[in-house]
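Okay, query24.pdb is below, PDB, C-alpha atoms, pLDDT in the B column:
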ATOM      1  CA  MET A   1     -12.176  15.086   2.251  1.00 88.00           C
ATOM      2  CA  THR A   2      -8.957  13.424   1.145  1.00 95.00           C
ATOM      3  CA  SER A   3      -7.234  14.910  -1.904  1.00 98.00           C
ATOM      4  CA  PRO A   4      -3.874  14.499  -3.640  1.00 98.00           C
ATOM      5  CA  VAL A   5      -2.787  17.796  -2.076  1.00 98.00           C
ATOM      6  CA  SER A   6      -3.779  16.694   1.438  1.00 98.00           C
ATOM      7  CA  ILE A   7      -1.756  13.483   1.028  1.00 98.00           C
ATOM      8  CA  PHE A   8       1.183  15.470  -0.313  1.00 98.00           C
ATOM      9  CA  ASN A   9       0.939  17.808   2.678  1.00 98.00           C
ATOM     10  CA  ILE A  10       1.307  14.849   5.057  1.00 98.00           C
ATOM     11  CA  ALA A  11       4.648  14.161   3.377  1.00 98.00           C
ATOM     12  CA  LEU A  12       5.667  17.814   3.589  1.00 98.00           C
ATOM     13  CA  GLY A  13       4.828  17.853   7.289  1.00 98.00           C
ATOM     14  CA  TRP A  14       7.091  14.861   7.937  1.00 98.00           C
ATOM     15  CA  LEU A  15       9.880  16.761   6.184  1.00 98.00           C
ATOM     16  CA  GLY A  16       9.277  19.907   8.220  1.00 97.00           C
ATOM     17  CA  GLU A  17       8.141  21.830   5.144  1.00 97.00           C
ATOM     18  CA  SER A  18       5.204  24.219   4.809  1.00 97.00           C
ATOM     19  CA  ALA A  19       1.922  22.930   3.397  1.00 98.00           C
ATOM     20  CA  ILE A  20       0.739  23.927  -0.065  1.00 98.00           C
ATOM     21  CA  THR A  21      -2.773  24.884  -1.152  1.00 97.00           C
ATOM     22  CA  SER A  22      -2.557  23.371  -4.651  1.00 98.00           C
ATOM     23  CA  PHE A  23      -0.077  21.890  -7.093  1.00 98.00           C
ATOM     24  CA  GLY A  24      -0.426  25.156  -8.986  1.00 97.00           C
ATOM     25  CA  ASP A  25       1.343  27.124  -6.249  1.00 97.00           C
ATOM     26  CA  SER A  26       4.608  28.804  -7.186  1.00 96.00           C
ATOM     27  CA  SER A  27       6.665  27.044  -4.492  1.00 97.00           C
ATOM     28  CA  ASP A  28       9.273  24.373  -5.176  1.00 97.00           C
ATOM     29  CA  SER A  29       7.196  21.934  -3.117  1.00 98.00           C
ATOM     30  CA  ALA A  30       4.121  22.443  -5.283  1.00 98.00           C
ATOM     31  CA  GLN A  31       6.145  21.985  -8.461  1.00 98.00           C
ATOM     32  CA  LEU A  32       7.553  18.712  -7.139  1.00 98.00           C
ATOM     33  CA  GLY A  33       4.030  17.571  -6.357  1.00 98.00           C
ATOM     34  CA  LYS A  34       2.754  18.514  -9.799  1.00 98.00           C
ATOM     35  CA  ASN A  35       5.588  16.674 -11.535  1.00 98.00           C
ATOM     36  CA  ASN A  36       5.761  13.559  -9.374  1.00 98.00           C
ATOM     37  CA  TYR A  37       2.539  12.797  -7.485  1.00 98.00           C
ATOM     38  CA  ASN A  38       0.908  10.651 -10.190  1.00 98.00           C
ATOM     39  CA  ASP A  39       4.017   8.549 -10.836  1.00 98.00           C
ATOM     40  CA  ILE A  40       4.663   7.958  -7.137  1.00 98.00           C
ATOM     41  CA  ARG A  41       0.995   7.059  -6.564  1.00 98.00           C
ATOM     42  CA  ASP A  42       1.129   4.432  -9.324  1.00 98.00           C
ATOM     43  CA  THR A  43       4.388   3.040  -7.933  1.00 97.00           C
ATOM     44  CA  VAL A  44       2.872   2.530  -4.487  1.00 97.00           C
ATOM     45  CA  LEU A  45      -0.270   1.002  -6.008  1.00 97.00           C
ATOM     46  CA  GLU A  46       1.946  -1.599  -7.699  1.00 95.00           C
ATOM     47  CA  GLU A  47       3.773  -2.519  -4.497  1.00 93.00           C
ATOM     48  CA  VAL A  48       0.966  -4.380  -2.690  1.00 91.00           C
ATOM     49  CA  SER A  49      -2.306  -6.014  -3.719  1.00 92.00           C
ATOM     50  CA  TRP A  50      -4.358  -3.211  -2.178  1.00 95.00           C
ATOM     51  CA  THR A  51      -7.921  -4.472  -1.837  1.00 94.00           C
ATOM     52  CA  PHE A  52      -9.453  -1.232  -3.135  1.00 96.00           C
ATOM     53  CA  ALA A  53      -7.375  -1.478  -6.326  1.00 96.00           C
ATOM     54  CA  VAL A  54      -7.913  -5.161  -7.227  1.00 96.00           C
ATOM     55  CA  LYS A  55     -10.247  -5.713 -10.169  1.00 96.00           C
ATOM     56  CA  ARG A  56     -11.425  -8.812 -12.053  1.00 95.00           C
ATOM     57  CA  ILE A  57     -11.335  -8.360 -15.820  1.00 96.00           C
ATOM     58  CA  GLU A  58     -12.120 -10.351 -18.957  1.00 95.00           C
ATOM     59  CA  PRO A  59      -9.725  -8.809 -21.493  1.00 96.00           C
ATOM     60  CA  ALA A  60     -10.523  -8.761 -25.191  1.00 95.00           C
ATOM     61  CA  ARG A  61      -8.804 -11.289 -27.421  1.00 96.00           C
ATOM     62  CA  ILE A  62      -6.738  -9.751 -30.214  1.00 95.00           C
ATOM     63  CA  ALA A  63      -7.567 -11.034 -33.693  1.00 93.00           C
ATOM     64  CA  THR A  64      -3.935 -11.157 -34.834  1.00 92.00           C
ATOM     65  CA  LYS A  65      -1.948 -14.033 -33.337  1.00 92.00           C
ATOM     66  CA  PRO A  66       1.521 -13.437 -31.890  1.00 93.00           C
ATOM     67  CA  LEU A  67       4.318 -13.821 -34.431  1.00 93.00           C
ATOM     68  CA  TYR A  68       5.608 -16.984 -32.760  1.00 93.00           C
ATOM     69  CA  GLY A  69       5.661 -18.886 -29.496  1.00 92.00           C
ATOM     70  CA  PHE A  70       2.038 -18.334 -28.475  1.00 93.00           C
ATOM     71  CA  SER A  71      -1.330 -18.992 -30.052  1.00 93.00           C
ATOM     72  CA  ALA A  72      -3.357 -16.159 -28.518  1.00 95.00           C
ATOM     73  CA  ALA A  73      -2.972 -12.582 -27.309  1.00 96.00           C
ATOM     74  CA  PHE A  74      -5.284 -10.524 -25.101  1.00 97.00           C
ATOM     75  CA  GLN A  75      -5.374  -6.750 -24.667  1.00 97.00           C
ATOM     76  CA  ILE A  76      -4.545  -5.442 -21.189  1.00 98.00           C
ATOM     77  CA  PRO A  77      -6.740  -2.408 -20.399  1.00 98.00           C
ATOM     78  CA  PRO A  78      -4.801   0.855 -19.961  1.00 97.00           C
ATOM     79  CA  GLU A  79      -5.780   1.236 -16.294  1.00 98.00           C
ATOM     80  CA  VAL A  80      -4.032  -2.026 -15.341  1.00 98.00           C
ATOM     81  CA  LEU A  81      -0.766  -1.447 -13.473  1.00 98.00           C
ATOM     82  CA  ARG A  82       0.063  -5.044 -12.559  1.00 96.00           C
ATOM     83  CA  VAL A  83      -1.458  -8.373 -13.539  1.00 96.00           C
ATOM     84  CA  LEU A  84      -1.829 -10.675 -10.535  1.00 93.00           C
ATOM     85  CA  THR A  85      -3.383 -13.855 -11.925  1.00 92.00           C
ATOM     86  CA  VAL A  86      -4.662 -15.205 -15.222  1.00 93.00           C
ATOM     87  CA  SER A  87      -7.074 -18.101 -15.628  1.00 91.00           C
ATOM     88  CA  ASP A  88      -8.871 -19.897 -18.439  1.00 90.00           C
ATOM     89  CA  ALA A  89     -12.406 -18.478 -18.485  1.00 87.00           C
ATOM     90  CA  SER A  90     -13.825 -21.846 -19.526  1.00 77.00           C
ATOM     91  CA  THR A  91     -12.389 -23.598 -16.447  1.00 68.00           C
ATOM     92  CA  SER A  92     -12.231 -20.733 -13.935  1.00 52.00           C
ATOM     93  CA  GLY A  93     -12.966 -21.920 -10.441  1.00 51.00           C
ATOM     94  CA  GLY A  94     -11.871 -25.462 -11.179  1.00 44.00           C
ATOM     95  CA  SER A  95      -8.860 -27.380  -9.933  1.00 41.00           C
ATOM     96  CA  ALA A  96      -6.490 -26.554 -12.778  1.00 41.00           C
ATOM     97  CA  ASP A  97      -2.777 -26.541 -12.040  1.00 45.00           C
ATOM     98  CA  ARG A  98      -1.350 -23.253 -10.813  1.00 45.00           C
ATOM     99  CA  TYR A  99       1.823 -21.680 -12.163  1.00 48.00           C
ATOM    100  CA  ASP A 100       4.114 -19.039 -10.696  1.00 45.00           C
ATOM    101  CA  THR A 101       3.718 -15.860 -12.756  1.00 45.00           C
ATOM    102  CA  GLY A 102       6.838 -14.143 -11.463  1.00 43.00           C
ATOM    103  CA  GLN A 103       4.736 -10.997 -11.010  1.00 46.00           C
ATOM    104  CA  GLY A 104       3.608 -11.348  -7.436  1.00 41.00           C
ATOM    105  CA  GLY A 105       0.904 -13.942  -7.927  1.00 42.00           C
ATOM    106  CA  GLU A 106      -0.096 -17.270  -9.465  1.00 43.00           C
ATOM    107  CA  SER A 107      -2.213 -18.231 -12.444  1.00 47.00           C
ATOM    108  CA  LYS A 108      -4.212 -21.260 -13.482  1.00 70.00           C
ATOM    109  CA  ILE A 109      -2.610 -21.277 -16.935  1.00 87.00           C
ATOM    110  CA  PRO A 110       0.897 -20.477 -18.177  1.00 90.00           C
ATOM    111  CA  TRP A 111       1.107 -16.948 -19.573  1.00 93.00           C
ATOM    112  CA  ASN A 112       3.477 -14.100 -20.307  1.00 94.00           C
ATOM    113  CA  ARG A 113       2.964 -10.370 -20.250  1.00 96.00           C
ATOM    114  CA  GLU A 114       4.573  -8.484 -23.123  1.00 96.00           C
ATOM    115  CA  GLY A 115       3.902  -4.759 -23.129  1.00 95.00           C
ATOM    116  CA  ASP A 116       0.153  -4.226 -22.981  1.00 97.00           C
ATOM    117  CA  LYS A 117      -0.718  -7.807 -23.934  1.00 97.00           C
ATOM    118  CA  ILE A 118      -1.162 -11.183 -22.233  1.00 96.00           C
ATOM    119  CA  LEU A 119       0.147 -14.088 -24.328  1.00 96.00           C
ATOM    120  CA  THR A 120      -0.957 -17.684 -23.797  1.00 94.00           C
ATOM    121  CA  ASN A 121      -1.339 -20.987 -25.623  1.00 91.00           C
ATOM    122  CA  THR A 122      -4.152 -22.512 -23.652  1.00 80.00           C
ATOM    123  CA  ALA A 123      -7.218 -20.292 -23.668  1.00 76.00           C
ATOM    124  CA  GLU A 124      -9.815 -18.850 -26.032  1.00 87.00           C
ATOM    125  CA  ARG A 125     -11.073 -16.565 -23.256  1.00 91.00           C
ATOM    126  CA  ILE A 126      -9.286 -15.548 -20.092  1.00 93.00           C
ATOM    127  CA  TYR A 127     -10.003 -13.830 -16.818  1.00 94.00           C
ATOM    128  CA  MET A 128      -7.440 -11.771 -14.958  1.00 94.00           C
ATOM    129  CA  ARG A 129      -7.095 -10.249 -11.530  1.00 95.00           C
ATOM    130  CA  ALA A 130      -5.135  -7.038 -11.652  1.00 97.00           C
ATOM    131  CA  ILE A 131      -4.095  -3.954  -9.762  1.00 97.00           C
ATOM    132  CA  VAL A 132      -5.669  -0.988 -11.536  1.00 98.00           C
ATOM    133  CA  ARG A 133      -4.976   2.732 -11.369  1.00 98.00           C
ATOM    134  CA  ILE A 134      -7.256   4.413  -8.820  1.00 98.00           C
ATOM    135  CA  THR A 135      -7.141   8.212  -8.990  1.00 98.00           C
ATOM    136  CA  ASP A 136      -9.939   9.039  -6.520  1.00 98.00           C
ATOM    137  CA  PRO A 137      -8.183   9.404  -3.138  1.00 98.00           C
ATOM    138  CA  ASN A 138     -11.472   8.943  -1.287  1.00 97.00           C
ATOM    139  CA  LYS A 139     -11.297   5.261  -2.284  1.00 97.00           C
ATOM    140  CA  TYR A 140      -7.879   4.809  -0.665  1.00 96.00           C
ATOM    141  CA  SER A 141      -7.494   2.882   2.559  1.00 94.00           C
ATOM    142  CA  PRO A 142      -5.846   4.614   5.534  1.00 94.00           C
ATOM    143  CA  SER A 143      -2.820   2.323   5.251  1.00 95.00           C
ATOM    144  CA  PHE A 144      -2.359   3.233   1.583  1.00 96.00           C
ATOM    145  CA  ILE A 145      -2.535   6.963   2.350  1.00 97.00           C
ATOM    146  CA  GLN A 146       0.150   6.567   5.002  1.00 97.00           C
ATOM    147  CA  ALA A 147       2.370   4.513   2.691  1.00 97.00           C
ATOM    148  CA  LEU A 148       1.912   6.936  -0.200  1.00 98.00           C
ATOM    149  CA  ALA A 149       2.755   9.941   1.973  1.00 98.00           C
ATOM    150  CA  ALA A 150       5.887   8.199   3.241  1.00 98.00           C
ATOM    151  CA  ARG A 151       6.989   7.317  -0.286  1.00 98.00           C
ATOM    152  CA  ILE A 152       6.429  10.901  -1.420  1.00 98.00           C
ATOM    153  CA  ALA A 153       8.481  12.178   1.517  1.00 98.00           C
ATOM    154  CA  ALA A 154      11.349   9.824   0.663  1.00 98.00           C
ATOM    155  CA  ASP A 155      11.316  10.727  -3.030  1.00 98.00           C
ATOM    156  CA  ILE A 156      11.146  14.516  -2.670  1.00 98.00           C
ATOM    157  CA  CYS A 157      13.396  14.769   0.375  1.00 98.00           C
ATOM    158  CA  ILE A 158      16.686  15.537  -1.375  1.00 97.00           C
ATOM    159  CA  PRO A 159      15.307  18.230  -3.727  1.00 97.00           C
ATOM    160  CA  LEU A 160      13.700  19.994  -0.753  1.00 97.00           C
ATOM    161  CA  THR A 161      16.075  19.392   2.161  1.00 96.00           C
ATOM    162  CA  GLN A 162      19.391  18.156   0.706  1.00 96.00           C
ATOM    163  CA  ASP A 163      19.539  15.961   3.818  1.00 97.00           C
ATOM    164  CA  GLU A 164      20.479  12.336   3.124  1.00 97.00           C
ATOM    165  CA  LYS A 165      19.895  11.312   6.742  1.00 97.00           C
ATOM    166  CA  VAL A 166      16.300  12.513   6.585  1.00 97.00           C
ATOM    167  CA  GLN A 167      15.854  10.685   3.286  1.00 97.00           C
ATOM    168  CA  THR A 168      17.129   7.467   4.878  1.00 97.00           C
ATOM    169  CA  ASN A 169      14.645   7.933   7.709  1.00 97.00           C
ATOM    170  CA  MET A 170      11.799   8.474   5.235  1.00 98.00           C
ATOM    171  CA  GLU A 171      12.793   5.380   3.253  1.00 98.00           C
ATOM    172  CA  ALA A 172      12.685   3.363   6.476  1.00 98.00           C
ATOM    173  CA  LEU A 173       9.318   4.890   7.346  1.00 97.00           C
ATOM    174  CA  TYR A 174       7.978   3.864   3.943  1.00 97.00           C
ATOM    175  CA  GLN A 175       9.071   0.267   4.462  1.00 96.00           C
ATOM    176  CA  ARG A 176       7.389   0.228   7.881  1.00 96.00           C
ATOM    177  CA  LYS A 177       4.182   1.590   6.388  1.00 94.00           C
ATOM    178  CA  LEU A 178       4.223  -1.127   3.718  1.00 92.00           C
ATOM    179  CA  ALA A 179       4.825  -3.798   6.344  1.00 90.00           C
ATOM    180  CA  ALA A 180       1.889  -2.482   8.360  1.00 90.00           C
ATOM    181  CA  ALA A 181      -0.278  -2.517   5.242  1.00 87.00           C
ATOM    182  CA  GLY A 182       0.620  -6.171   4.754  1.00 74.00           C
ATOM    183  CA  THR A 183      -1.201  -7.039   7.967  1.00 71.00           C
ATOM    184  CA  SER A 184      -4.236  -4.854   7.269  1.00 71.00           C
ATOM    185  CA  ASP A 185      -5.416  -3.668   3.856  1.00 65.00           C
ATOM    186  CA  GLY A 186      -2.851  -4.913   1.424  1.00 46.00           C
ATOM    187  CA  ARG A 187      -2.927  -8.699   1.697  1.00 48.00           C
ATOM    188  CA  GLN A 188      -6.326  -9.707   3.050  1.00 58.00           C
ATOM    189  CA  GLY A 189      -7.067 -13.318   2.210  1.00 53.00           C
ATOM    190  CA  ARG A 190      -3.567 -14.454   1.238  1.00 51.00           C
ATOM    191  CA  SER A 191       0.104 -13.677   1.651  1.00 47.00           C
ATOM    192  CA  GLU A 192       1.833 -11.901  -1.212  1.00 51.00           C
ATOM    193  CA  ARG A 193       5.250 -10.315  -1.223  1.00 51.00           C
ATOM    194  CA  THR A 194       5.601  -6.603  -1.784  1.00 52.00           C
ATOM    195  CA  ARG A 195       7.477  -5.548  -4.873  1.00 57.00           C
ATOM    196  CA  SER A 196      10.728  -3.671  -5.340  1.00 50.00           C
ATOM    197  CA  ASN A 197      11.576  -1.015  -2.774  1.00 50.00           C
ATOM    198  CA  SER A 198      13.637   1.084  -5.170  1.00 53.00           C
ATOM    199  CA  LEU A 199      12.579   4.715  -5.122  1.00 60.00           C
ATOM    200  CA  THR A 200      11.153   6.816  -7.919  1.00 55.00           C
ATOM    201  CA  ARG A 201      13.458   9.430  -9.426  1.00 57.00           C
ATOM    202  CA  VAL A 202      11.878  12.856  -8.951  1.00 63.00           C
ATOM    203  CA  ARG A 203      11.878  15.469 -11.650  1.00 59.00           C
TER     204      ARG A 203
END
Re-express the file's structure as C-alpha cells.
Amino acid sequence: MTSPVSIFNIALGWLGESAITSFGDSSDSAQLGKNNYNDIRDTVLEEVSWTFAVKRIEPARIATKPLYGFSAAFQIPPEVLRVLTVSDASTSGGSADRYDTGQGGESKIPWNREGDKILTNTAERIYMRAIVRITDPNKYSPSFIQALAARIAADICIPLTQDEKVQTNMEALYQRKLAAAGTSDGRQGRSERTRSNSLTRVR
C-alpha cells in the first residue's frame, strides 16, 4: 500500500540515503520529511492538471459584494489549490466566448482570483474546475508518485548530501517525470502547460 513514507523513501533511495520507517524517526531524513512532505506534495499537485485531482465545484456566492470593480464574489473551498476554469452556471455547456485565465486554463466568463475568492461581473451562479488537495496516496497515479518522489529528492538533496551536482540531476529528473506525466495522466483530453519549475525551499 502506498503511503507518504513509501513515496519519501523512493526519493531517499535516489539520493543514496537509508529508508525511514516513519516521519517520527529521529533521523535528519525523517525530520525533513515531516517538515516538507505536505508542502512539496501540494506544489506538485499544482504543476499539472492531474486527472485524479480535478474536481467540478459550484462555489457559494458571498452575500457582500466586492468593494469595487466586480459585482459578485464566490468562496473558493479550502481544498482548492488551483482554479482551472470558471463558467456561468446558467449557460454552462453552451457556446459562450472563452477567455484566457492566466492560471493554466480558460474560462467561459471573465474572472479574477483574489485570495480565497473568485470575482466576476457576469454570473449569479458559477461552476469551476479546480485542482484540489488529495492527501490519500492510494488515489495517486503512478506518474504522480514518480514526479513527487523526484521533486522531494531535488528539494531535500542539499540538506542531506550537500552535493549540488546531485541536486541538479534530481531537478532534471523531476522535469523529465513531469514531461512523461504530460503524455499519460496529467493532460488527458487537452494540452495544458505545466506551471513554474522553481523548487520549494526546505525547512
Quiz prompt | d(CA of Pro137 (chain A), CA of Ser3 (chain A)) in Å | solution =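 Straight-line distance from CA of Pro137 (chain A) to CA of Ser3 (chain A) works out to 5.7 Å.
The shortest atom-to-atom distance to Gly69 (chain A), with all atoms listed in the file taken into account, belongs to A:Thr122 out of A:Ser18, A:Leu32, A:Ala181, A:Thr122.
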Pick out the residues sitting within 6 Å of Ala53 (chain A), and hand them over as a compact mmCIF listing (two decimals) with C-alpha atoms, in the frame of the given file; count only C-alpha atoms, and ignore anything fewer than 3 positions along from it in its own chain.
# COMPACT_ATOMS: atom_id res chain seq x y z
CA TRP A 50 -4.36 -3.21 -2.18
CA ILE A 131 -4.10 -3.95 -9.76
CA VAL A 132 -5.67 -0.99 -11.54
Written as a VMD selection string, which residues does the PyMOL selection byres ((chain A and resi 56) around 12) give for the file shown?
chain A and resid 51 to 55 57 to 59 76 to 77 80 83 to 87 89 126 to 132
>> Env of Ser143 (chain A): 12 Å cut, atoms = only C-alpha atoms, seq-sep filter 3 positions within chain, self excluded. Answer as a PyMOL selection string.
In response: chain A and resi 7+44-45+48+50-52+139-140+146-150+174+176-187
- Quick one, how far is CA of Leu119 (chain A) from CA of Asp39 (chain A)?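 These two atoms are separated by 26.6 Å.
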Practice task
Run the PyMOL selection byres ((chain A and resi 75) around 7) mentally over the shown coordinates, then write out the matched residues as a list in words, using the chain letters and numbers from the document.
Solution key: Pro59, Ala60, Arg61, Ile62, Ala73, Phe74, Ile76, Pro77, Asp116, Lys117 and Ile118 of chain A
Exercise for review: Name the closest residue to Met1 (chain A) among the candidates A:Asp136, A:Arg82, A:Tyr68, A:Ala154; distances are taken between atoms, counting all atoms listed in the file.
Suggested key: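 The shortest atom-to-atom distance to Met1 (chain A) comes from A:Asp136.
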CA of Val166 (chain A) to CA of Arg151 (chain A) measures 12.7 Å
Fill in: Among the residues A:Ile134, A:Ile20, A:Ala72, A:Cys157, the one that comes closest to Thr120 (chain A) [using all atoms listed in the file]
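So, comparing all the options, the nearest one is A:Ala72.
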Please evaluate the PyMOL selection byres ((chain A and resi 29) around 10) against the structure above and give the resulting residues as an NGL selection string. :A and (8-9 or 12 or 17-20 or 22-23 or 25-28 or 30-34 or 156 or 159-160)
Review point. Which of these residues is nearest to Arg125 (chain A), using only C-alpha atoms: A:Ser71, A:Ser6, A:Ser90, A:Asn112?
Key: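 Distance minimum relative to Arg125 (chain A) lands on A:Ser90.
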**Study point:** Among listed residues A:Ile145, A:Leu81, A:Leu67, A:Ile158, nearest Gly115 (chain A) (using all atoms listed in the file)
**Key:**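 Looking at the shortest contact to Gly115 (chain A), the residue is A:Leu81.
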For region 27-30 of chain A, I'd like the enclosing box, axis-aligned and padded by 4 Å on every side, reported as lines of an AutoDock Vina configuration file with centre and edge lengths in Å to one decimal.
center_x = 6.7
center_y = 24.5
center_z = -4.2
size_x = 13.2
size_y = 13.1
size_z = 10.2
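Nearest residue to Ala63 (chain A) among A:Glu47, A:Glu124, A:Lys165, A:Glu114 is A:Glu124, counting only C-alpha atoms.
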